[in-house]
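Visitor: Sharing a structure, written as structure tokens. Questions coming.
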Amino acid sequence: MASARAALGAEFIKIRTVRSTAWTLALTFVLSVGLGFLFCLSVRYGFDRMDQRARANFDPVTTGFYSLTLGQISLVVFGVLCVGTEYTSGTIRASLAAVPHRGVFYGAKVLATTLLALAFSLITVLLTFFTAQAELGPHGTTLSEPGVLRAVVFACVYLTLLCAFAIGVATMLRSTALSLGIMIPLLFLDSQGLGNIPKVRTVAQFLPDQVGQVMMQVVKPEKSFISHRPFGPWTALGILVIWATAACAGGYLLLRRRDA
């Protein structure tokens with residue numbers, strides 16, 4: 001138990017002393033809150049020009065969280081860097097020498113990183129929500145409306161689990177560049193128009209970022225003008241948990257079997 005606490009403390013120190021940590025988290029905050037403000041301002045003044053169906057099924061929560069689709073990239077970078085920098089710098093050898101039990105080492109790294117991601121996501125999501133709804137004016141909503149609080153909580157959970165997924169991928173690949181080179185294109189797979197191809201859409205709708213959109217919706221997915229998926233937010237949460245668990249488990253298995 002003492003060794004686990006020491007390993008966890010060491011991981012927090014590593015995160016705090018890496019300069020890129022503050023920059024990536026700050027970028028996540030700026031993109032999420034700033035773009036949410038601008039996007040909702042645009043939607044507010046263009047609301048009357050929407051077609052009747054779009055206005056009837058308008059989801060102010062999803063609209064307010066649309067900026068998270070870009071802000072999440074920085075949080076993915078944060079998760080990857082927390083692992084990748086140790087392999088890039090070679091300090092992974094010193095870390096494993098200090099904590100030879102790889103399960104303790106990996107568990108401490110995942111826990112420290114995701115706890116920080118959770119705390120940061122809570123602040124960012126709440127500020128993004130309140131800023132966006134204020135800018136939407138009469139078209140906005142409040143936390144007391146049905147489904148809104150669940151969507152806000154799920155947005156925090158989504159960003160945290162996405163960071164955990166990034167940690168697992170980076171541990172398996174042991175390369176910052178390769179991890180980001182794979183993950184970032186996947187996060188934009190649907191927005192690049194590839195999601196309109198039937199065979200690609202069948203797979204793409206279950207990717208982490210796509211199920212994350214469903215988790216943050218209040219309007220039913222089949223009625224939303226932003227994201228159309230054949231499953232609801234609770235199913236989406238289950239899919240994302242599977243992704244994050246599989247990635248972290250894969251990272252641990254390869255870390256245990258490979259040399260540093």
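Here, A, B, ... name the chains of the structure tokens in the order displayed, residue numbers run from 1 inside each chain, and ligands are numbered from 1 in the same displayed order.
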Select from region 112-164 of chain A everything DSSP, run on the backbone, classes as alpha helix (DSSP H), then give the selection as a PyMOL selection string.
Guide: chain A and resi 112-136+148-164
Visitor: Using C-alpha atoms, can you export the residues from the last selection as an mmCIF file, in the first residue's frame?
Guide:
data_model
loop_
_atom_site.group_PDB
_atom_site.id
_atom_site.type_symbol
_atom_site.label_atom_id
_atom_site.label_comp_id
_atom_site.auth_asym_id
_atom_site.auth_seq_id
_atom_site.Cartn_x
_atom_site.Cartn_y
_atom_site.Cartn_z
ATOM 1 C CA ALA A 112 -2.840 10.057 -11.559
ATOM 2 C CA THR A 113 -3.455 11.105 -15.152
ATOM 3 C CA THR A 114 -7.168 10.302 -15.188
ATOM 4 C CA LEU A 115 -7.787 11.976 -11.815
ATOM 5 C CA LEU A 116 -6.212 15.162 -13.126
ATOM 6 C CA ALA A 117 -8.165 14.807 -16.380
ATOM 7 C CA LEU A 118 -11.395 14.358 -14.399
ATOM 8 C CA ALA A 119 -10.803 17.459 -12.264
ATOM 9 C CA PHE A 120 -9.861 19.519 -15.293
ATOM 10 C CA SER A 121 -12.804 18.183 -17.335
ATOM 11 C CA LEU A 122 -15.232 19.109 -14.571
ATOM 12 C CA ILE A 123 -14.047 22.729 -14.586
ATOM 13 C CA THR A 124 -13.883 22.994 -18.370
ATOM 14 C CA VAL A 125 -17.238 21.331 -19.050
ATOM 15 C CA LEU A 126 -19.111 23.434 -16.486
ATOM 16 C CA LEU A 127 -17.631 26.710 -17.725
ATOM 17 C CA THR A 128 -18.270 25.703 -21.326
ATOM 18 C CA PHE A 129 -21.870 24.809 -20.494
ATOM 19 C CA PHE A 130 -22.722 28.009 -18.646
ATOM 20 C CA THR A 131 -20.929 30.216 -21.175
ATOM 21 C CA ALA A 132 -22.630 28.513 -24.116
ATOM 22 C CA GLN A 133 -26.109 28.606 -22.612
ATOM 23 C CA ALA A 134 -25.705 32.295 -21.741
ATOM 24 C CA GLU A 135 -24.808 33.046 -25.353
ATOM 25 C CA LEU A 136 -27.736 31.017 -26.688
ATOM 26 C CA VAL A 148 -29.311 18.181 -19.008
ATOM 27 C CA LEU A 149 -27.452 17.296 -15.803
ATOM 28 C CA ARG A 150 -26.896 13.758 -17.099
ATOM 29 C CA ALA A 151 -25.431 15.152 -20.333
ATOM 30 C CA VAL A 152 -23.089 17.478 -18.418
ATOM 31 C CA VAL A 153 -21.878 14.658 -16.151
ATOM 32 C CA PHE A 154 -21.426 12.371 -19.153
ATOM 33 C CA ALA A 155 -19.366 15.070 -20.892
ATOM 34 C CA CYS A 156 -16.934 15.016 -17.949
ATOM 35 C CA VAL A 157 -16.873 11.215 -17.980
ATOM 36 C CA TYR A 158 -16.326 11.170 -21.731
ATOM 37 C CA LEU A 159 -13.273 13.430 -21.634
ATOM 38 C CA THR A 160 -11.806 11.467 -18.732
ATOM 39 C CA LEU A 161 -12.299 8.081 -20.389
ATOM 40 C CA LEU A 162 -10.936 9.438 -23.663
ATOM 41 C CA CYS A 163 -7.769 10.461 -21.809
ATOM 42 C CA ALA A 164 -7.552 6.950 -20.301
#
Visitor: Find the residues near Ile242 (chain A): any atom within 10 Å, counting only C-alpha atoms, skip ones fewer than 4 places away on the same chain, and give them as a ChimeraX atom specification.
Guide: /A:161,165,208,236-238,246-248
Visitor: Work out how far CA of Gln213 (chain A) is from CA of Arg229 (chain A), in Å to one decimal.
Guide: 9.4 Å
Visitor: I'd like the neighbourhood of region 41-48 of chain A as a ChimeraX atom specification, where a residue qualifies if any of its atoms comes within 10 Å (using only C-alpha atoms), though same-chain residues fewer than 5 positions away should be ignored.
Guide: /A:35-36,54-55,58,60,63-64,132-140
Visitor: My list of candidates is A:Ala10, A:Arg5, A:Gly232, A:Val211. Which is closest to Thr69 (chain A) when distances are computed with only C-alpha atoms?
Guide: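 Distance minimum relative to Thr69 (chain A) lands on A:Val211.
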Visitor: Go through A:Leu253, A:Thr17, A:Thr24, A:Ser67 one by one, measure the shortest atom-to-atom distance of each to Leu38 (chain A) using only C-alpha atoms, and give the residue with the smallest value.
Guide: A:Ser67
Visitor: Sorted by chain and rising residue number, list the residues of region 134-204 of chain A at most 10 Å from region 103-107 of chain A (counting only C-alpha atoms), each with its closest atom pair and distance in Å to one decimal, as a Markdown table.
Guide:
| residue | atom | partner | partner_atom | distance |
| --- | --- | --- | --- | --- |
| A:Ile167 | CA | A:Tyr106 | CA | 9.9 |
| A:Gly168 | CA | A:Tyr106 | CA | 9.8 |
| A:Thr171 | CA | A:Tyr106 | CA | 9.2 |
Visitor: Rank A:Val110, A:Val80, A:Gly90, A:Val218 by their smallest atom-to-atom distance to Ile182 (chain A), using only C-alpha atoms, and report the top residue only.
Guide: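 Of A:Val110, A:Val80, A:Gly90, A:Val218, the one nearest Ile182 (chain A), counting only C-alpha atoms, is A:Val80.
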Visitor: Quick one: of A:Val219, A:Ile239, A:Ala98, A:Ile184, who's nearest to Asn57 (chain A), counting only C-alpha atoms?
Guide: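 Answer, going by the shortest atom-to-atom distance: A:Val219.
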Visitor: Report, in Å with one decimal, the straight-line distance from CA of Met50 (chain A) to CA of Thr28 (chain A).
Guide: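 We find that CA of Met50 (chain A) and CA of Thr28 (chain A) lie 29.6 Å from each other.
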Visitor: A:Leu178, A:Ala249, A:Leu27, A:Ile13: which is nearest Ile73 (chain A), counting only C-alpha atoms?
Guide: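 Between A:Leu178, A:Ala249, A:Leu27, A:Ile13, the residue approaching Ile73 (chain A) most closely is A:Leu27.
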